[in-house]
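Visitor: data.cif is reproduced below (mmCIF, N, CA, C and O atoms).
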data_input
#
loop_
_atom_site.label_atom_id
_atom_site.label_comp_id
_atom_site.auth_asym_id
_atom_site.auth_seq_id
_atom_site.Cartn_x
_atom_site.Cartn_y
_atom_site.Cartn_z
N THR Y 1 7.46 5.01 -11.84
CA THR Y 1 6.24 5.69 -11.46
C THR Y 1 5.56 4.92 -10.34
O THR Y 1 5.45 3.71 -10.38
N SER Y 2 5.08 5.65 -9.36
CA SER Y 2 4.39 5.05 -8.22
C SER Y 2 2.94 4.74 -8.59
O SER Y 2 2.27 5.56 -9.21
N PRO Y 3 2.43 3.58 -8.16
CA PRO Y 3 1.05 3.24 -8.48
C PRO Y 3 0.03 4.11 -7.74
O PRO Y 3 -1.13 4.15 -8.13
N VAL Y 4 0.44 4.81 -6.70
CA VAL Y 4 -0.50 5.64 -5.94
C VAL Y 4 -0.13 7.13 -6.02
O VAL Y 4 -0.62 7.93 -5.25
N LYS Y 5 0.72 7.46 -6.99
CA LYS Y 5 1.11 8.86 -7.15
C LYS Y 5 -0.12 9.73 -7.40
O LYS Y 5 -0.96 9.40 -8.22
N GLY Y 6 -0.23 10.80 -6.63
CA GLY Y 6 -1.36 11.70 -6.76
C GLY Y 6 -2.57 11.26 -5.95
O GLY Y 6 -3.57 11.98 -5.90
N GLN Y 7 -2.50 10.11 -5.30
CA GLN Y 7 -3.62 9.64 -4.48
C GLN Y 7 -3.29 9.73 -3.00
O GLN Y 7 -4.08 10.24 -2.22
N ILE Y 8 -2.14 9.22 -2.60
CA ILE Y 8 -1.69 9.29 -1.21
C ILE Y 8 -1.11 10.68 -0.98
O ILE Y 8 -0.29 11.14 -1.75
N MET Y 9 -1.56 11.33 0.11
CA MET Y 9 -1.12 12.68 0.41
C MET Y 9 -0.14 12.66 1.59
O MET Y 9 -0.12 11.70 2.37
N VAL Y 10 0.63 13.72 1.73
CA VAL Y 10 1.67 13.81 2.76
C VAL Y 10 1.14 13.55 4.16
O VAL Y 10 1.76 12.83 4.94
N ASP Y 11 0.00 14.08 4.53
CA ASP Y 11 -0.52 13.93 5.89
C ASP Y 11 -1.40 12.70 6.10
O ASP Y 11 -1.95 12.52 7.19
N ASP Y 12 -1.56 11.86 5.09
CA ASP Y 12 -2.34 10.63 5.25
C ASP Y 12 -1.67 9.71 6.26
O ASP Y 12 -0.45 9.61 6.32
N VAL Y 13 -2.49 9.03 7.04
CA VAL Y 13 -2.01 8.04 8.00
C VAL Y 13 -2.35 6.66 7.43
O VAL Y 13 -3.52 6.35 7.20
N LEU Y 14 -1.32 5.84 7.19
CA LEU Y 14 -1.56 4.49 6.66
C LEU Y 14 -2.12 3.61 7.77
O LEU Y 14 -1.51 3.48 8.84
N LEU Y 15 -3.28 3.02 7.52
CA LEU Y 15 -3.94 2.17 8.51
C LEU Y 15 -3.78 0.69 8.24
O LEU Y 15 -3.63 -0.10 9.16
N ALA Y 16 -3.87 0.31 6.95
CA ALA Y 16 -3.85 -1.11 6.61
C ALA Y 16 -3.39 -1.30 5.17
O ALA Y 16 -3.51 -0.41 4.34
N ILE Y 17 -2.88 -2.50 4.92
CA ILE Y 17 -2.52 -2.91 3.57
C ILE Y 17 -3.12 -4.29 3.35
O ILE Y 17 -3.15 -5.13 4.26
N SER Y 18 -3.63 -4.49 2.16
CA SER Y 18 -4.23 -5.78 1.80
C SER Y 18 -3.61 -6.23 0.48
O SER Y 18 -3.56 -5.46 -0.47
N ILE Y 19 -3.13 -7.46 0.45
CA ILE Y 19 -2.60 -8.04 -0.78
C ILE Y 19 -3.44 -9.27 -1.09
O ILE Y 19 -3.49 -10.21 -0.31
N ASN Y 20 -4.14 -9.20 -2.23
CA ASN Y 20 -5.04 -10.28 -2.64
C ASN Y 20 -6.04 -10.64 -1.55
O ASN Y 20 -6.34 -11.81 -1.32
N GLY Y 21 -6.55 -9.62 -0.86
CA GLY Y 21 -7.58 -9.85 0.14
C GLY Y 21 -7.08 -10.17 1.53
O GLY Y 21 -7.87 -10.24 2.47
N GLU Y 22 -5.78 -10.37 1.69
CA GLU Y 22 -5.22 -10.64 3.02
C GLU Y 22 -4.81 -9.31 3.64
O GLU Y 22 -3.79 -8.73 3.28
N LYS Y 23 -5.63 -8.86 4.59
CA LYS Y 23 -5.45 -7.53 5.17
C LYS Y 23 -4.56 -7.57 6.41
O LYS Y 23 -4.70 -8.47 7.24
N ARG Y 24 -3.67 -6.60 6.49
CA ARG Y 24 -2.77 -6.45 7.63
C ARG Y 24 -2.84 -5.02 8.15
O ARG Y 24 -2.81 -4.07 7.38
N GLU Y 25 -2.94 -4.88 9.45
CA GLU Y 25 -2.92 -3.57 10.07
C GLU Y 25 -1.50 -3.01 10.04
O GLU Y 25 -0.52 -3.75 10.20
N ILE Y 26 -1.39 -1.72 9.81
CA ILE Y 26 -0.09 -1.06 9.82
C ILE Y 26 0.04 -0.31 11.13
O ILE Y 26 -0.71 0.63 11.39
N THR Y 27 0.98 -0.76 11.95
CA THR Y 27 1.21 -0.08 13.23
C THR Y 27 2.61 0.51 13.30
O THR Y 27 2.91 1.29 14.19
N ARG Y 28 3.45 0.14 12.36
CA ARG Y 28 4.81 0.67 12.27
C ARG Y 28 5.11 0.97 10.80
O ARG Y 28 4.63 0.29 9.90
N GLN Y 29 5.93 1.97 10.57
CA GLN Y 29 6.24 2.42 9.21
C GLN Y 29 6.82 1.29 8.35
O GLN Y 29 6.49 1.15 7.18
N HIS Y 30 7.66 0.45 8.93
CA HIS Y 30 8.30 -0.62 8.16
C HIS Y 30 7.34 -1.72 7.72
O HIS Y 30 7.65 -2.51 6.85
N HIS Y 31 6.14 -1.78 8.30
CA HIS Y 31 5.18 -2.82 7.92
C HIS Y 31 4.82 -2.76 6.44
O HIS Y 31 4.67 -3.80 5.80
N VAL Y 32 4.71 -1.56 5.89
CA VAL Y 32 4.37 -1.43 4.47
C VAL Y 32 5.44 -2.11 3.62
O VAL Y 32 5.13 -2.89 2.72
N ILE Y 33 6.69 -1.82 3.90
CA ILE Y 33 7.79 -2.43 3.14
C ILE Y 33 7.79 -3.93 3.33
O ILE Y 33 7.90 -4.69 2.37
N ASP Y 34 7.65 -4.40 4.58
CA ASP Y 34 7.64 -5.84 4.86
C ASP Y 34 6.54 -6.55 4.09
O ASP Y 34 6.77 -7.60 3.48
N TYR Y 35 5.33 -6.00 4.08
CA TYR Y 35 4.21 -6.65 3.41
C TYR Y 35 4.35 -6.59 1.90
O TYR Y 35 3.97 -7.53 1.19
N MET Y 36 4.89 -5.50 1.39
CA MET Y 36 5.06 -5.37 -0.06
C MET Y 36 6.10 -6.35 -0.61
O MET Y 36 6.09 -6.66 -1.80
N LEU Y 37 6.99 -6.85 0.23
CA LEU Y 37 7.95 -7.85 -0.22
C LEU Y 37 7.26 -9.13 -0.69
O LEU Y 37 7.83 -9.90 -1.45
N TRP Y 38 6.02 -9.35 -0.24
CA TRP Y 38 5.27 -10.54 -0.62
C TRP Y 38 4.49 -10.34 -1.92
O TRP Y 38 3.97 -11.31 -2.48
N ALA Y 39 4.38 -9.11 -2.39
CA ALA Y 39 3.59 -8.82 -3.59
C ALA Y 39 4.30 -9.34 -4.85
O ALA Y 39 5.51 -9.26 -4.98
N ARG Y 40 3.51 -9.86 -5.75
CA ARG Y 40 4.01 -10.38 -7.02
C ARG Y 40 3.21 -9.78 -8.17
O ARG Y 40 2.10 -9.27 -7.97
N VAL Y 41 3.75 -9.87 -9.37
CA VAL Y 41 3.06 -9.35 -10.55
C VAL Y 41 1.67 -9.98 -10.64
O VAL Y 41 1.51 -11.19 -10.49
N GLY Y 42 0.67 -9.14 -10.83
CA GLY Y 42 -0.71 -9.59 -10.91
C GLY Y 42 -1.48 -9.48 -9.61
O GLY Y 42 -2.70 -9.57 -9.60
N ASP Y 43 -0.76 -9.32 -8.48
CA ASP Y 43 -1.43 -9.19 -7.19
C ASP Y 43 -2.16 -7.84 -7.10
O ASP Y 43 -1.69 -6.83 -7.62
N THR Y 44 -3.29 -7.85 -6.40
CA THR Y 44 -4.03 -6.62 -6.13
C THR Y 44 -3.68 -6.14 -4.74
O THR Y 44 -3.74 -6.90 -3.77
N VAL Y 45 -3.29 -4.87 -4.64
CA VAL Y 45 -2.91 -4.26 -3.37
C VAL Y 45 -3.89 -3.14 -3.06
O VAL Y 45 -4.24 -2.35 -3.93
N GLU Y 46 -4.35 -3.12 -1.82
CA GLU Y 46 -5.20 -2.02 -1.35
C GLU Y 46 -4.52 -1.37 -0.15
O GLU Y 46 -4.06 -2.06 0.76
N LEU Y 47 -4.46 -0.06 -0.16
CA LEU Y 47 -3.95 0.71 0.97
C LEU Y 47 -5.11 1.49 1.57
O LEU Y 47 -5.83 2.18 0.86
N THR Y 48 -5.30 1.34 2.87
CA THR Y 48 -6.32 2.10 3.58
C THR Y 48 -5.63 3.19 4.36
O THR Y 48 -4.69 2.92 5.11
N VAL Y 49 -6.09 4.43 4.16
CA VAL Y 49 -5.49 5.58 4.83
C VAL Y 49 -6.56 6.37 5.56
O VAL Y 49 -7.75 6.28 5.25
N LEU Y 50 -6.10 7.13 6.54
CA LEU Y 50 -6.97 8.06 7.24
C LEU Y 50 -6.58 9.46 6.79
O LEU Y 50 -5.42 9.87 6.90
N ARG Y 51 -7.56 10.19 6.25
CA ARG Y 51 -7.35 11.55 5.77
C ARG Y 51 -8.50 12.42 6.27
O ARG Y 51 -9.65 12.15 5.97
N ASP Y 52 -8.16 13.42 7.05
CA ASP Y 52 -9.18 14.34 7.57
C ASP Y 52 -10.33 13.58 8.23
O ASP Y 52 -11.51 13.82 7.95
N SER Y 53 -9.99 12.63 9.09
CA SER Y 53 -10.96 11.82 9.85
C SER Y 53 -11.81 10.90 8.98
O SER Y 53 -12.83 10.39 9.42
N GLN Y 54 -11.40 10.67 7.74
CA GLN Y 54 -12.15 9.80 6.83
C GLN Y 54 -11.23 8.70 6.32
O GLN Y 54 -10.10 8.96 5.90
N GLU Y 55 -11.71 7.45 6.36
CA GLU Y 55 -10.94 6.33 5.81
C GLU Y 55 -11.15 6.26 4.30
O GLU Y 55 -12.28 6.28 3.83
N LEU Y 56 -10.05 6.15 3.58
CA LEU Y 56 -10.08 6.01 2.12
C LEU Y 56 -9.26 4.78 1.75
O LEU Y 56 -8.27 4.46 2.40
N THR Y 57 -9.65 4.11 0.67
CA THR Y 57 -8.91 2.94 0.19
C THR Y 57 -8.51 3.16 -1.25
O THR Y 57 -9.33 3.57 -2.08
N PHE Y 58 -7.25 2.89 -1.53
CA PHE Y 58 -6.70 3.00 -2.88
C PHE Y 58 -6.24 1.62 -3.31
O PHE Y 58 -5.61 0.91 -2.55
N SER Y 59 -6.56 1.25 -4.53
CA SER Y 59 -6.26 -0.08 -5.03
C SER Y 59 -5.43 0.00 -6.31
O SER Y 59 -5.62 0.91 -7.12
N PHE Y 60 -4.51 -0.94 -6.46
CA PHE Y 60 -3.73 -1.05 -7.69
C PHE Y 60 -3.28 -2.49 -7.87
O PHE Y 60 -3.28 -3.27 -6.93
N THR Y 61 -2.93 -2.83 -9.10
CA THR Y 61 -2.43 -4.16 -9.43
C THR Y 61 -0.94 -4.05 -9.71
O THR Y 61 -0.50 -3.16 -10.43
N ILE Y 62 -0.18 -4.97 -9.14
CA ILE Y 62 1.27 -4.98 -9.32
C ILE Y 62 1.60 -5.37 -10.76
O ILE Y 62 1.08 -6.36 -11.28
N THR Y 63 2.45 -4.58 -11.39
CA THR Y 63 2.94 -4.88 -12.74
C THR Y 63 4.46 -5.00 -12.69
O THR Y 63 5.09 -4.65 -11.68
N ASP Y 64 5.06 -5.47 -13.76
CA ASP Y 64 6.52 -5.56 -13.83
C ASP Y 64 7.19 -4.22 -13.55
O ASP Y 64 8.23 -4.17 -12.93
N ASP Y 65 6.57 -3.14 -14.03
CA ASP Y 65 7.15 -1.81 -13.83
C ASP Y 65 7.32 -1.45 -12.37
O ASP Y 65 8.26 -0.76 -12.00
N TYR Y 66 6.39 -1.89 -11.51
CA TYR Y 66 6.45 -1.55 -10.10
C TYR Y 66 7.54 -2.32 -9.36
O TYR Y 66 7.95 -1.93 -8.28
N LEU Y 67 7.98 -3.43 -9.93
CA LEU Y 67 9.00 -4.25 -9.28
C LEU Y 67 10.40 -4.00 -9.82
O LEU Y 67 11.34 -4.64 -9.37
N THR Y 68 10.53 -3.06 -10.73
CA THR Y 68 11.83 -2.75 -11.31
C THR Y 68 12.54 -1.72 -10.46
O THR Y 68 11.99 -0.68 -10.14
N ALA Y 69 13.78 -2.01 -10.08
CA ALA Y 69 14.58 -1.06 -9.31
C ALA Y 69 15.21 -0.04 -10.24
O ALA Y 69 15.68 -0.39 -11.33
N TYR Y 70 15.19 1.19 -9.83
CA TYR Y 70 15.79 2.25 -10.64
C TYR Y 70 17.04 2.76 -10.00
O TYR Y 70 17.20 2.82 -8.86
#
Starting from the file, lay out its structure as structure tokens.
Guide:
Amino acid sequence: TSPVKGQIMVDDVLLAISINGEKREITRQHHVIDYMLWARVGDTVELTVLRDSQELTFSFTITDDYLTAY
């Protein structure tokens, strides 16, 4: 299960990712994957998106379930 399922929409533009308060701008699609490689269980992740000209932030905490490959 995705931690942001039902929150991130198809047309959202990812602007930034923050892991434990360390914010990084997203300028390329692969940045999300690169930054998430640093996430560990217990870390807080925030994704900032642009939706309909409005910035929104979604937050979640990494759990063991999110790091399990299916």
Visitor: Please, what distance in Å, to one decimal, runs between atom C of Phe60 of chain Y and atom CA of Asp34 of chain Y?
Guide: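 Atom-to-atom, atom C of Phe60 of chain Y to atom CA of Asp34 of chain Y, that is 17.1 Å.
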Visitor: For the file shown, what are the residues hit by the PyMOL selection byres (((chain Y and resi 58 and name CA) around 8) and name CA), laid out as an MDAnalysis selection string?
Guide: chainID Y and resid 4 7 46:48 56:57 59:60
Visitor: Out of Y:Gly6, Y:Arg51, Y:Ala16, Y:Asp65, which residue has the shortest atom-to-atom distance to Tyr35 of chain Y when counting only C-alpha atoms?
Guide: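 That would be Y:Ala16, the residue with the smallest distance to Tyr35 of chain Y.
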Visitor: What does the structure give for the distance between atom O of Met36 of chain Y and atom CA of Ile62 of chain Y, in Å to one decimal?
Guide: 9.1 Å
Visitor: Given only C-alpha atoms as the basis, pick out the residue of Y:Asp64, Y:Asp52, Y:Val10, Y:Lys23 nearest to Arg40 of chain Y.
Guide: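 Distance minimum relative to Arg40 of chain Y lands on Y:Asp64.
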Visitor: Which parts of chain Y does DSSP call alpha helix (DSSP H) when run on the backbone here, written out as a VMD selection string?
Guide: chain Y and resid 30 to 36
Visitor: Could you write out, as a ChimeraX atom specification, all the residues of segment 2-70 of chain Y that DSSP marks as strand (DSSP E or B)?
Guide: /Y:13-19,22-25,44-51,54-61
Visitor: Do you know which residues are at most 8 Å from Thr27 of chain Y counting all atoms listed in the file, after dropping those on the same chain fewer than 3 positions away, and could you put them as an MDAnalysis selection string?
Guide: chainID Y and resid 14:16 24 30:32
Visitor: Given the file above and the PyMOL selection byres (((chain Y and resi 12 and name CA) around 6) and name CA), which residues are selected, and can you give them as a ChimeraX atom specification?
Guide: /Y:9-11,13,49-51
